[in-house]
$ cat protein.csv   # CSV, C-alpha atoms
chain,number,residue,atom,x,y,z
A,1,MET,CA,18.6,-23.9,14.6
A,2,THR,CA,15.7,-21.9,13.2
A,3,HIS,CA,16.5,-20.5,9.8
A,4,ILE,CA,14.7,-17.6,8.1
A,5,TRP,CA,15.4,-17.1,4.4
A,6,VAL,CA,14.5,-13.6,3.2
A,7,ARG,CA,13.8,-13.9,-0.5
A,8,SER,CA,14.0,-11.2,-3.1
A,9,GLU,CA,10.6,-10.1,-4.4
A,10,GLN,CA,9.9,-11.3,-7.9
A,11,ARG,CA,7.0,-9.1,-8.7
A,12,ASN,CA,7.3,-6.0,-10.8
A,13,PHE,CA,7.2,-2.7,-8.8
A,14,GLU,CA,7.7,-4.5,-5.5
A,15,THR,CA,10.6,-3.2,-3.5
A,16,ARG,CA,9.5,-3.7,0.1
A,17,VAL,CA,10.9,-6.1,2.6
A,18,GLY,CA,9.5,-7.5,5.9
A,19,LEU,CA,12.7,-7.5,7.9
A,20,THR,CA,15.1,-4.6,8.4
A,21,PRO,CA,18.8,-5.0,9.2
A,22,GLU,CA,18.1,-3.9,12.8
A,23,GLY,CA,15.5,-6.5,13.2
A,24,ALA,CA,17.7,-9.1,11.6
A,25,ALA,CA,20.4,-8.3,14.2
A,26,LYS,CA,18.0,-8.9,17.0
A,27,LEU,CA,16.8,-12.2,15.6
A,28,ILE,CA,20.4,-13.4,15.1
A,29,ALA,CA,21.2,-12.4,18.7
A,30,SER,CA,18.3,-14.6,19.8
A,31,GLY,CA,19.8,-17.6,18.0
A,32,ILE,CA,17.9,-17.5,14.7
A,33,LYS,CA,19.9,-17.9,11.5
A,34,ILE,CA,19.1,-15.3,8.8
A,35,THR,CA,19.9,-15.7,5.1
A,36,VAL,CA,19.1,-12.7,2.8
A,37,GLU,CA,19.1,-13.0,-1.0
A,38,HIS,CA,20.7,-10.5,-3.2
A,39,SER,CA,18.1,-8.3,-4.8
A,40,THR,CA,18.1,-5.9,-7.7
A,41,ASN,CA,15.0,-4.1,-6.3
A,42,ARG,CA,14.9,-4.2,-2.5
A,43,CYS,CA,14.5,-0.7,-1.0
A,44,ILE,CA,17.0,-1.4,1.8
A,45,PRO,CA,20.6,-2.1,0.7
A,46,LEU,CA,22.1,-5.5,1.2
A,47,GLN,CA,25.1,-4.2,3.1
A,48,GLY,CA,23.0,-3.4,6.1
A,49,TYR,CA,22.0,-7.1,6.4
A,50,ILE,CA,25.6,-8.2,5.9
A,51,ASP,CA,26.7,-5.8,8.7
A,52,ALA,CA,24.0,-7.3,10.9
A,53,GLY,CA,25.5,-10.8,10.5
A,54,CYS,CA,23.2,-12.3,7.9
A,55,ASP,CA,24.3,-14.9,5.4
A,56,VAL,CA,23.8,-14.0,1.7
A,57,ALA,CA,22.4,-16.1,-1.1
A,58,GLU,CA,21.9,-15.5,-4.8
A,59,GLU,CA,18.7,-13.7,-6.0
A,60,ASN,CA,15.7,-16.0,-6.3
A,61,SER,CA,17.6,-19.0,-5.1
A,62,TRP,CA,15.0,-19.9,-2.4
A,63,PRO,CA,13.7,-23.0,-4.2
A,64,ASP,CA,17.1,-24.6,-3.4
A,65,ALA,CA,17.2,-23.4,0.2
A,66,PRO,CA,17.6,-26.1,2.9
A,67,LYS,CA,14.3,-27.9,3.4
A,68,ASP,CA,14.0,-26.7,7.0
A,69,ALA,CA,14.4,-23.0,6.1
A,70,ILE,CA,11.4,-20.8,6.5
A,71,ILE,CA,11.1,-18.7,3.3
A,72,PHE,CA,10.0,-15.2,4.1
A,73,GLY,CA,8.7,-12.8,1.5
A,74,LEU,CA,5.8,-10.4,1.0
A,75,LYS,CA,4.1,-10.7,-2.3
A,76,GLU,CA,3.1,-13.6,-4.5
A,77,LEU,CA,5.5,-16.1,-6.0
A,78,PRO,CA,5.7,-16.7,-9.8
A,79,ASP,CA,2.6,-18.6,-10.8
A,80,ASP,CA,4.4,-21.5,-12.5
A,81,GLY,CA,2.7,-24.4,-10.9
A,82,THR,CA,5.7,-25.9,-9.3
A,83,PRO,CA,5.1,-27.7,-6.0
A,84,LEU,CA,6.1,-25.8,-2.9
A,85,HIS,CA,8.1,-27.8,-0.4
A,86,HIS,CA,9.1,-25.2,2.2
A,87,ARG,CA,7.3,-23.4,4.9
A,88,HIS,CA,6.5,-19.9,3.5
A,89,ILE,CA,5.6,-16.6,5.3
A,90,MET,CA,4.0,-14.3,2.7
A,91,PHE,CA,0.7,-12.7,1.7
A,92,GLY,CA,-0.9,-15.6,-0.1
A,93,HIS,CA,-4.3,-14.1,-1.1
A,94,ALA,CA,-5.6,-17.6,-1.2
A,95,TYR,CA,-8.6,-17.9,1.2
A,96,LYS,CA,-11.3,-15.9,-0.5
A,97,GLY,CA,-12.1,-18.0,-3.6
A,98,GLN,CA,-9.5,-16.3,-5.8
A,99,PRO,CA,-8.5,-18.6,-8.7
A,100,SER,CA,-4.8,-17.7,-8.3
A,101,GLY,CA,-5.2,-18.6,-4.6
A,102,ILE,CA,-6.7,-22.0,-5.3
A,103,ARG,CA,-3.7,-22.7,-7.6
A,104,LEU,CA,-1.3,-21.6,-4.8
A,105,LEU,CA,-2.9,-23.9,-2.3
A,106,GLN,CA,-2.7,-26.8,-4.7
A,107,ARG,CA,1.0,-26.2,-5.1
A,108,PHE,CA,1.5,-26.3,-1.3
A,109,LYS,CA,-0.5,-29.6,-1.2
A,110,ASP,CA,1.5,-31.0,-4.0
A,111,GLY,CA,4.8,-30.2,-2.3
A,112,GLY,CA,3.9,-30.7,1.3
A,113,GLY,CA,4.8,-27.1,2.3
A,114,THR,CA,2.8,-24.8,4.6
A,115,LEU,CA,1.6,-21.2,4.1
A,116,TYR,CA,1.8,-18.8,7.0
A,117,ASP,CA,-0.3,-16.0,5.5
A,118,LEU,CA,0.7,-12.6,6.9
A,119,GLU,CA,-2.9,-11.4,6.6
A,120,TYR,CA,-3.9,-14.2,9.0
A,121,LEU,CA,-1.3,-13.7,11.7
A,122,VAL,CA,-3.6,-12.8,14.6
A,123,ASP,CA,-3.2,-12.5,18.3
A,124,ASP,CA,-5.4,-14.1,21.0
A,125,ASN,CA,-8.0,-11.4,20.3
A,126,ASN,CA,-8.1,-12.2,16.6
A,127,ARG,CA,-6.4,-8.9,15.7
A,128,ARG,CA,-3.7,-8.8,13.1
A,129,VAL,CA,-0.2,-8.5,14.5
A,130,ALA,CA,1.2,-6.6,11.5
A,131,ALA,CA,-0.2,-4.8,8.6
A,132,PHE,CA,0.8,-2.4,5.8
A,133,GLY,CA,-2.7,-0.8,6.1
A,134,TYR,CA,-1.8,2.7,7.0
A,135,TRP,CA,0.6,3.2,4.1
A,136,ALA,CA,-1.8,1.4,1.7
A,137,GLY,CA,-4.5,4.0,2.6
A,138,TYR,CA,-2.1,6.9,2.4
A,139,ALA,CA,-0.8,5.9,-1.1
A,140,GLY,CA,-4.2,4.7,-2.3
A,141,ALA,CA,-5.7,8.1,-1.5
A,142,ALA,CA,-2.8,9.8,-3.4
A,143,VAL,CA,-3.5,7.7,-6.5
A,144,ALA,CA,-7.2,8.4,-6.3
A,145,LEU,CA,-6.5,12.2,-6.2
A,146,LYS,CA,-4.2,11.8,-9.2
A,147,CYS,CA,-7.1,10.0,-11.0
A,148,TRP,CA,-9.5,12.8,-10.1
A,149,ALA,CA,-6.9,15.5,-11.2
A,150,ALA,CA,-6.4,13.7,-14.6
A,151,GLN,CA,-10.2,13.8,-15.1
A,152,GLN,CA,-10.2,17.5,-14.6
A,153,ARG,CA,-7.7,17.8,-17.4
A,154,GLY,CA,-9.9,15.6,-19.6
A,155,GLN,CA,-7.5,12.6,-19.3
A,156,VAL,CA,-7.1,9.2,-17.7
A,157,ALA,CA,-4.4,9.0,-15.0
A,158,GLY,CA,-1.0,8.1,-16.3
A,159,ALA,CA,1.7,5.9,-14.7
A,160,VAL,CA,2.6,6.2,-11.0
A,161,SER,CA,5.9,5.4,-9.4
A,162,SER,CA,7.5,5.1,-6.0
A,163,TYR,CA,8.9,7.9,-3.9
A,164,ASP,CA,11.9,8.2,-1.6
A,165,GLY,CA,9.5,9.3,1.2
A,166,SER,CA,6.1,10.7,2.0
A,167,THR,CA,7.4,14.3,1.8
A,168,GLN,CA,8.2,13.9,-1.9
A,169,LEU,CA,4.8,12.3,-2.5
A,170,LEU,CA,3.0,15.2,-0.9
A,171,LEU,CA,5.0,17.8,-2.8
A,172,ASP,CA,4.3,16.1,-6.1
A,173,LEU,CA,0.6,15.7,-5.5
A,174,GLN,CA,0.3,19.2,-4.2
A,175,SER,CA,1.8,20.7,-7.3
A,176,GLU,CA,-0.6,18.7,-9.4
A,177,LEU,CA,-3.6,19.9,-7.5
A,178,VAL,CA,-2.5,23.5,-7.3
A,179,ALA,CA,-2.3,23.6,-11.1
A,180,LEU,CA,-6.0,23.0,-11.2
A,181,GLY,CA,-6.9,26.0,-9.0
A,182,THR,CA,-8.8,25.9,-5.8
A,183,GLN,CA,-11.4,23.2,-6.6
A,184,ARG,CA,-11.1,20.0,-4.5
A,185,PRO,CA,-13.1,16.8,-4.5
A,186,ILE,CA,-15.1,15.5,-1.6
A,187,GLY,CA,-14.5,12.0,-0.5
A,188,LEU,CA,-16.2,9.3,1.5
A,189,ILE,CA,-14.1,6.8,3.4
A,190,ILE,CA,-15.6,3.4,4.5
A,191,GLY,CA,-13.4,1.8,7.2
A,192,ALA,CA,-12.3,5.2,8.5
A,193,LEU,CA,-11.6,3.8,12.0
A,194,GLY,CA,-9.1,1.2,10.8
A,195,ARG,CA,-5.4,1.6,9.8
A,196,VAL,CA,-6.2,1.8,6.0
A,197,GLY,CA,-8.9,4.4,6.6
A,198,ALA,CA,-6.6,6.4,8.9
A,199,GLY,CA,-3.9,6.6,6.2
A,200,ALA,CA,-6.4,7.7,3.5
A,201,ALA,CA,-7.8,10.3,5.8
A,202,ASP,CA,-4.4,11.7,6.7
A,203,LEU,CA,-3.4,12.1,3.1
A,204,CYS,CA,-6.7,13.8,2.3
A,205,THR,CA,-6.3,16.2,5.2
A,206,ALA,CA,-2.8,17.0,4.0
A,207,MET,CA,-4.2,17.9,0.6
A,208,GLY,CA,-7.1,19.9,1.9
A,209,VAL,CA,-9.7,17.3,0.7
A,210,ALA,CA,-12.8,17.1,2.9
A,211,THR,CA,-14.0,13.6,3.7
A,212,THR,CA,-17.0,11.9,5.2
A,213,LYS,CA,-15.8,9.1,7.5
A,214,TRP,CA,-17.9,5.9,7.8
A,215,ASP,CA,-17.2,2.7,9.7
A,216,MET,CA,-19.3,-0.3,10.9
A,217,ALA,CA,-22.1,1.8,12.4
A,218,GLU,CA,-22.8,3.6,9.2
A,219,THR,CA,-22.8,0.4,7.1
A,220,ALA,CA,-24.7,-1.9,9.5
A,221,SER,CA,-27.9,-1.6,7.5
A,222,GLY,CA,-26.3,-3.6,4.7
A,223,GLY,CA,-27.2,-1.0,2.0
A,224,PRO,CA,-27.9,0.3,-0.5
A,225,PHE,CA,-25.8,3.4,0.2
A,226,PRO,CA,-26.8,6.3,-2.1
A,227,GLU,CA,-24.6,8.6,-0.1
A,228,ILE,CA,-21.6,7.1,-1.8
A,229,LEU,CA,-22.9,8.3,-5.2
A,230,ALA,CA,-23.2,11.8,-3.8
A,231,HIS,CA,-19.4,12.1,-3.2
A,232,ASP,CA,-16.7,12.7,-5.8
A,233,ILE,CA,-14.3,9.9,-4.6
A,234,PHE,CA,-15.2,6.7,-2.7
A,235,PHE,CA,-12.4,5.1,-0.7
A,236,ASN,CA,-13.0,1.5,0.2
A,237,CYS,CA,-10.8,0.6,3.1
A,238,VAL,CA,-12.7,-2.6,4.2
A,239,LEU,CA,-11.3,-6.0,3.4
A,240,ALA,CA,-13.7,-8.3,1.5
A,241,ARG,CA,-15.1,-10.9,3.9
A,242,PRO,CA,-18.3,-13.0,4.1
A,243,GLY,CA,-21.1,-10.6,4.9
A,244,THR,CA,-19.4,-7.5,3.6
A,245,PRO,CA,-22.1,-5.3,2.1
A,246,VAL,CA,-22.0,-4.2,-1.5
A,247,PHE,CA,-20.9,-0.5,-1.5
A,248,VAL,CA,-20.8,0.1,-5.3
A,249,PRO,CA,-23.3,-2.1,-7.2
A,250,GLU,CA,-23.1,-2.6,-11.0
A,251,SER,CA,-26.1,-0.3,-11.3
A,252,ALA,CA,-24.0,2.6,-10.1
A,253,LEU,CA,-22.4,2.8,-13.6
A,254,SER,CA,-25.5,4.4,-15.1
A,255,ALA,CA,-27.1,5.8,-12.0
A,256,PRO,CA,-27.3,9.6,-11.4
A,257,ARG,CA,-24.2,10.3,-9.4
A,258,GLN,CA,-21.5,12.8,-8.5
A,259,LEU,CA,-19.1,9.8,-7.9
A,260,CYS,CA,-16.3,9.8,-10.5
A,261,VAL,CA,-13.5,7.9,-8.8
A,262,VAL,CA,-13.6,4.6,-6.9
A,263,SER,CA,-10.5,3.9,-4.9
A,264,ASP,CA,-10.6,0.3,-3.9
A,265,ILE,CA,-7.7,0.3,-1.6
A,266,ALA,CA,-8.6,-3.1,-0.1
A,267,CYS,CA,-8.4,-4.3,-3.7
A,268,ASP,CA,-9.8,-7.9,-3.9
A,269,PRO,CA,-11.7,-7.7,-7.2
A,270,ASP,CA,-11.7,-11.5,-7.9
A,271,SER,CA,-12.9,-12.4,-4.4
A,272,ASP,CA,-16.4,-13.7,-4.1
A,273,PHE,CA,-17.0,-11.1,-1.4
A,274,SER,CA,-15.8,-8.0,-3.2
A,275,PRO,CA,-18.0,-5.0,-2.2
A,276,ILE,CA,-17.2,-3.1,-5.5
A,277,LYS,CA,-19.1,-4.6,-8.4
A,278,VAL,CA,-18.2,-2.3,-11.2
A,279,TYR,CA,-14.8,-3.8,-12.1
A,280,ASP,CA,-13.2,-7.2,-12.2
A,281,ARG,CA,-9.4,-6.8,-12.1
A,282,ALA,CA,-6.7,-4.9,-10.3
A,283,THR,CA,-5.1,-1.9,-11.9
A,284,THR,CA,-1.4,-1.4,-12.3
A,285,TRP,CA,1.4,1.1,-11.8
A,286,ASP,CA,1.6,1.7,-15.5
A,287,ALA,CA,-2.2,2.1,-15.8
A,288,PRO,CA,-3.5,3.0,-12.4
A,289,ALA,CA,-7.0,4.0,-13.5
A,290,LEU,CA,-9.6,1.7,-15.2
A,291,ARG,CA,-12.3,3.6,-16.9
A,292,VAL,CA,-15.5,1.6,-16.4
A,293,HIS,CA,-18.0,4.3,-17.6
A,294,THR,CA,-17.7,7.3,-19.8
A,295,THR,CA,-20.9,9.3,-19.5
A,296,PRO,CA,-20.7,10.3,-16.7
A,297,VAL,CA,-17.1,9.3,-16.2
A,298,LEU,CA,-16.2,6.7,-13.6
A,299,ASP,CA,-12.7,5.5,-13.0
A,300,VAL,CA,-11.6,2.7,-10.6
A,301,THR,CA,-8.1,2.6,-9.2
A,302,ALA,CA,-7.2,-0.7,-7.4
A,303,ILE,CA,-3.4,-1.3,-7.1
A,304,ASP,CA,-2.7,-4.3,-4.9
A,305,ASN,CA,0.7,-3.3,-3.6
A,306,LEU,CA,0.2,0.4,-2.8
A,307,PRO,CA,2.6,0.6,0.1
A,308,SER,CA,5.4,0.1,-2.4
A,309,MET,CA,4.9,3.7,-3.4
A,310,LEU,CA,6.6,4.5,-0.1
A,311,PRO,CA,8.7,1.4,0.3
A,312,VAL,CA,11.2,2.4,3.0
A,313,GLU,CA,8.6,3.9,5.4
A,314,SER,CA,6.1,1.1,4.9
A,315,SER,CA,8.8,-1.6,5.2
A,316,GLU,CA,10.2,-0.2,8.4
A,317,ASP,CA,6.7,0.2,9.9
A,318,PHE,CA,5.6,-3.3,9.0
A,319,ALA,CA,8.9,-4.9,10.1
A,320,ASP,CA,8.7,-3.2,13.5
A,321,GLN,CA,5.1,-4.6,14.0
A,322,LEU,CA,6.1,-8.1,12.9
A,323,LEU,CA,9.4,-8.5,14.7
A,324,PRO,CA,7.9,-9.6,18.1
A,325,SER,CA,6.1,-12.4,16.3
A,326,LEU,CA,9.2,-13.4,14.3
A,327,THR,CA,11.2,-13.9,17.5
A,328,GLY,CA,8.8,-16.8,18.2
A,329,VAL,CA,9.0,-18.4,14.8
A,330,GLY,CA,10.9,-21.3,16.2
A,331,GLN,CA,7.6,-22.5,17.7
A,332,LEU,CA,5.5,-22.7,14.5
A,333,ASP,CA,2.8,-24.8,16.2
A,334,GLU,CA,2.1,-22.2,18.8
A,335,GLY,CA,0.5,-18.7,19.1
A,336,VAL,CA,0.2,-16.6,16.0
A,337,TRP,CA,2.0,-19.2,13.9
A,338,GLY,CA,-0.1,-22.1,15.1
A,339,ARG,CA,-3.3,-20.2,14.3
A,340,ALA,CA,-2.0,-19.3,10.8
A,341,ALA,CA,-1.0,-22.9,10.1
A,342,GLU,CA,-4.5,-24.1,11.2
A,343,THR,CA,-6.1,-21.6,8.9
A,344,PHE,CA,-4.0,-22.9,6.0
A,345,ARG,CA,-4.9,-26.5,6.7
A,346,THR,CA,-8.6,-25.7,6.9
A,347,HIS,CA,-8.5,-24.0,3.5
A,348,ALA,CA,-6.1,-26.5,1.9
A,349,GLU,CA,-8.4,-29.4,2.8
A,350,ARG,CA,-11.2,-27.8,0.8
A,351,ILE,CA,-9.5,-28.1,-2.6
$ encode --input "protein.csv" --output "structure tokens"
Amino acid sequence: MTHIWVRSEQRNFETRVGLTPEGAAKLIASGIKITVEHSTNRCIPLQGYIDAGCDVAEENSWPDAPKDAIIFGLKELPDDGTPLHHRHIMFGHAYKGQPSGIRLLQRFKDGGGTLYDLEYLVDDNNRRVAAFGYWAGYAGAAVALKCWAAQQRGQVAGAVSSYDGSTQLLLDLQSELVALGTQRPIGLIIGALGRVGAGAADLCTAMGVATTKWDMAETASGGPFPEILAHDIFFNCVLARPGTPVFVPESALSAPRQLCVVSDIACDPDSDFSPIKVYDRATTWDAPALRVHTTPVLDVTAIDNLPSMLPVESSEDFADQLLPSLTGVGQLDEGVWGRAAETFRTHAERI
């Protein structure tokens, strides 16, 4: 019997989950066994999974799960160097030259396990079957506006936290902006036709922030892009890939510019292909803004688990997208799973 083991997330500020109780009930009805770990931080209570018929395991006990169990989580595992023996479904961030990714791939090679990276679950047309992109864009734009608002007060943005829902986020942000008067920044969104860009645009519209929307046609020249420097906030909603143009070069730090906030929502600073060259590390919930230049001011915000700001909405959306693929997880050599396994093998062979 196919066995999916839903692990608790071990990363700080990560409360999302990729399977809802309703989805678990459907998988169980189809003959798949589901084990769900206890969790001190999961946004959906355990009781719902129990009512759906799931087995329950102790928090963070997945290393001792049966060898044939498929371990399902979202964010990264503790970087402790231990070999990984199981098949894992997760966001690995391991295929773009990231040092942490190389270490992760080595752990899989050492243990004989397999990574089915959620970012690389694609259909026959090479389109992702599930993504958190919309909510990443939505939350990322909110954080960027908080960074801009803090600058207007002569400050650097303080800690951010999660919200029970998008309504609460909008009310909080609106009160912060209203306190500044009628002034609003102007933003430029690259990747505006994608899910991430749509989320960023919707948040900006809700806050009365005008945006210029760019996509592939506007960036086909490869740069440079002086228009970015003529906006207050730049939202990068494009994943780093080979051939991605540089949108914000290092020279932008000292160049004449209106730009004061870079929101790298795609957030891949240690990738060889990062299009933002003015910073080298992700920011955090405790310190969401990294000041990379003081005169004139330029802050970068780049939190790599933004959808956790709206954990319930983003989890439910993602889980609904992924569920049709999870129903076929018993055939890991076929379809989306077979393609993800081949991608893993290709990259693992290179280290």
$ closest_atom_pairs --input "protein.csv" --of "range 139-206 of chain A" --to "range 238-251 of chain A" --cutoff "10 Å" --atoms "all atoms listed in the file" --output "Markdown table"
| residue | atom | partner | partner_atom | distance |
| --- | --- | --- | --- | --- |
| A:Ile189 | CA | A:Val238 | CA | 9.5 |
| A:Ile190 | CA | A:Val238 | CA | 6.7 |
| A:Gly191 | CA | A:Val238 | CA | 5.4 |
| A:Ala192 | CA | A:Val238 | CA | 8.9 |
| A:Gly194 | CA | A:Val238 | CA | 8.4 |
| A:Val196 | CA | A:Val238 | CA | 8.1 |
| A:Gly197 | CA | A:Val238 | CA | 8.3 |
$ write_last_selection --input "protein.csv" --atoms "C-alpha atoms" --output "PDB file, in the frame of the given file"
ATOM      1  CA  ILE A 189     -14.100   6.800   3.400  1.00  0.00           C
ATOM      2  CA  ILE A 190     -15.600   3.400   4.500  1.00  0.00           C
ATOM      3  CA  GLY A 191     -13.400   1.800   7.200  1.00  0.00           C
ATOM      4  CA  ALA A 192     -12.300   5.200   8.500  1.00  0.00           C
ATOM      5  CA  GLY A 194      -9.100   1.200  10.800  1.00  0.00           C
ATOM      6  CA  VAL A 196      -6.200   1.800   6.000  1.00  0.00           C
ATOM      7  CA  GLY A 197      -8.900   4.400   6.600  1.00  0.00           C
TER       8      GLY A 197
END
$ closest_residue --input "protein.csv" --among "A:Ile50, A:Ala348, A:Gly165, A:Lys33" --to "Arg107 in chain A" --atoms "only C-alpha atoms"
A:Ala348
$ closest_residue --input "protein.csv" --among "A:Gly187, A:Gly140, A:Pro45, A:Pro324" --to "Ala266 in chain A" --atoms "only C-alpha atoms"
A:Gly140
$ atom_distance --input "protein.csv" --atom1 "CA of Asp79 in chain A" --atom2 "CA of Phe91 in chain A"
14.0 Å
$ atom_distance --input "protein.csv" --atom1 "CA of Leu322 in chain A" --atom2 "CA of Pro21 in chain A"
13.6 Å
$ closest_residue --input "protein.csv" --among "A:Ile233, A:Glu58, A:Tyr95, A:Gly133" --to "Tyr120 in chain A" --atoms "only C-alpha atoms"
A:Tyr95
$ closest_residue --input "protein.csv" --among "A:Gln98, A:Asn12, A:Thr40, A:Thr114" --to "Thr346 in chain A" --atoms "all atoms listed in the file"
A:Thr114
$ closest_residue --input "protein.csv" --among "A:Ala289, A:Ile102, A:Leu310, A:Cys267" --to "Leu169 in chain A" --atoms "all atoms listed in the file"
A:Leu310
$ closest_residue --input "protein.csv" --among "A:Ile351, A:Met216, A:Ala282, A:Leu118" --to "Gln106 in chain A" --atoms "all atoms listed in the file"
A:Ile351
$ residues_around --input "protein.csv" --residues "Ser263 in chain A" --least-positions-apart "5" --cutoff "8 Å" --atoms "all atoms listed in the file" --output "JSON, numbers by chain"
{"A": [140, 141, 144, 233, 234, 235, 236, 300, 301, 302]}
$ atom_distance --input "protein.csv" --atom1 "CA of Gly222 in chain A" --atom2 "CA of Pro307 in chain A"
29.6 Å
$ residues_around --input "protein.csv" --residues "Asp232 in chain A" --least-positions-apart "6" --cutoff "7 Å" --atoms "all atoms listed in the file" --output "list of chain:residue names"
A:Pro185, A:Ile186, A:Gly187, A:Gln258, A:Leu259, A:Cys260, A:Val261
$ write_last_selection --input "protein.csv" --atoms "C-alpha atoms" --output "CSV table (one decimal), keeping the file's coordinate frame"
chain,number,residue,atom,x,y,z
A,185,PRO,CA,-13.1,16.8,-4.5
A,186,ILE,CA,-15.1,15.5,-1.6
A,187,GLY,CA,-14.5,12.0,-0.5
A,258,GLN,CA,-21.5,12.8,-8.5
A,259,LEU,CA,-19.1,9.8,-7.9
A,260,CYS,CA,-16.3,9.8,-10.5
A,261,VAL,CA,-13.5,7.9,-8.8
$ residues_around --input "protein.csv" --residues "Ala130 in chain A" --least-positions-apart "6" --cutoff "12 Å" --atoms "all atoms listed in the file" --output "ChimeraX atom specification"
/A:18,91,117-123,195,314-326,336
$ residues_around --input "protein.csv" --residues "Ile34 in chain A" --least-positions-apart "5" --cutoff "6 Å" --atoms "all atoms listed in the file" --output "ChimeraX atom specification"
/A:3-4,54
$ residues_around --input "protein.csv" --residues "Pro78 in chain A" --least-positions-apart "2" --cutoff "8 Å" --atoms "only C-alpha atoms" --output "PyMOL selection string"
chain A and resi 10-11+76+80
$ write_last_selection --input "protein.csv" --atoms "C-alpha atoms" --output "PDB file, keeping the file's coordinate frame"
ATOM      1  CA  GLN A  10       9.900 -11.300  -7.900  1.00  0.00           C
ATOM      2  CA  ARG A  11       7.000  -9.100  -8.700  1.00  0.00           C
ATOM      3  CA  GLU A  76       3.100 -13.600  -4.500  1.00  0.00           C
ATOM      4  CA  ASP A  80       4.400 -21.500 -12.500  1.00  0.00           C
TER       5      ASP A  80
END
$ residues_near_point --input "protein.csv" --point "(-2.5, 8.3, -14.5)" --cutoff "7 Å" --atoms "only C-alpha atoms" --output "PyMOL selection string"
chain A and resi 146-147+150+156-160+287-289
$ write_last_selection --input "protein.csv" --atoms "C-alpha atoms" --output "PDB file, keeping the file's coordinate frame"
ATOM      1  CA  LYS A 146      -4.200  11.800  -9.200  1.00  0.00           C
ATOM      2  CA  CYS A 147      -7.100  10.000 -11.000  1.00  0.00           C
ATOM      3  CA  ALA A 150      -6.400  13.700 -14.600  1.00  0.00           C
ATOM      4  CA  VAL A 156      -7.100   9.200 -17.700  1.00  0.00           C
ATOM      5  CA  ALA A 157      -4.400   9.000 -15.000  1.00  0.00           C
ATOM      6  CA  GLY A 158      -1.000   8.100 -16.300  1.00  0.00           C
ATOM      7  CA  ALA A 159       1.700   5.900 -14.700  1.00  0.00           C
ATOM      8  CA  VAL A 160       2.600   6.200 -11.000  1.00  0.00           C
ATOM      9  CA  ALA A 287      -2.200   2.100 -15.800  1.00  0.00           C
ATOM     10  CA  PRO A 288      -3.500   3.000 -12.400  1.00  0.00           C
ATOM     11  CA  ALA A 289      -7.000   4.000 -13.500  1.00  0.00           C
TER      12      ALA A 289
END
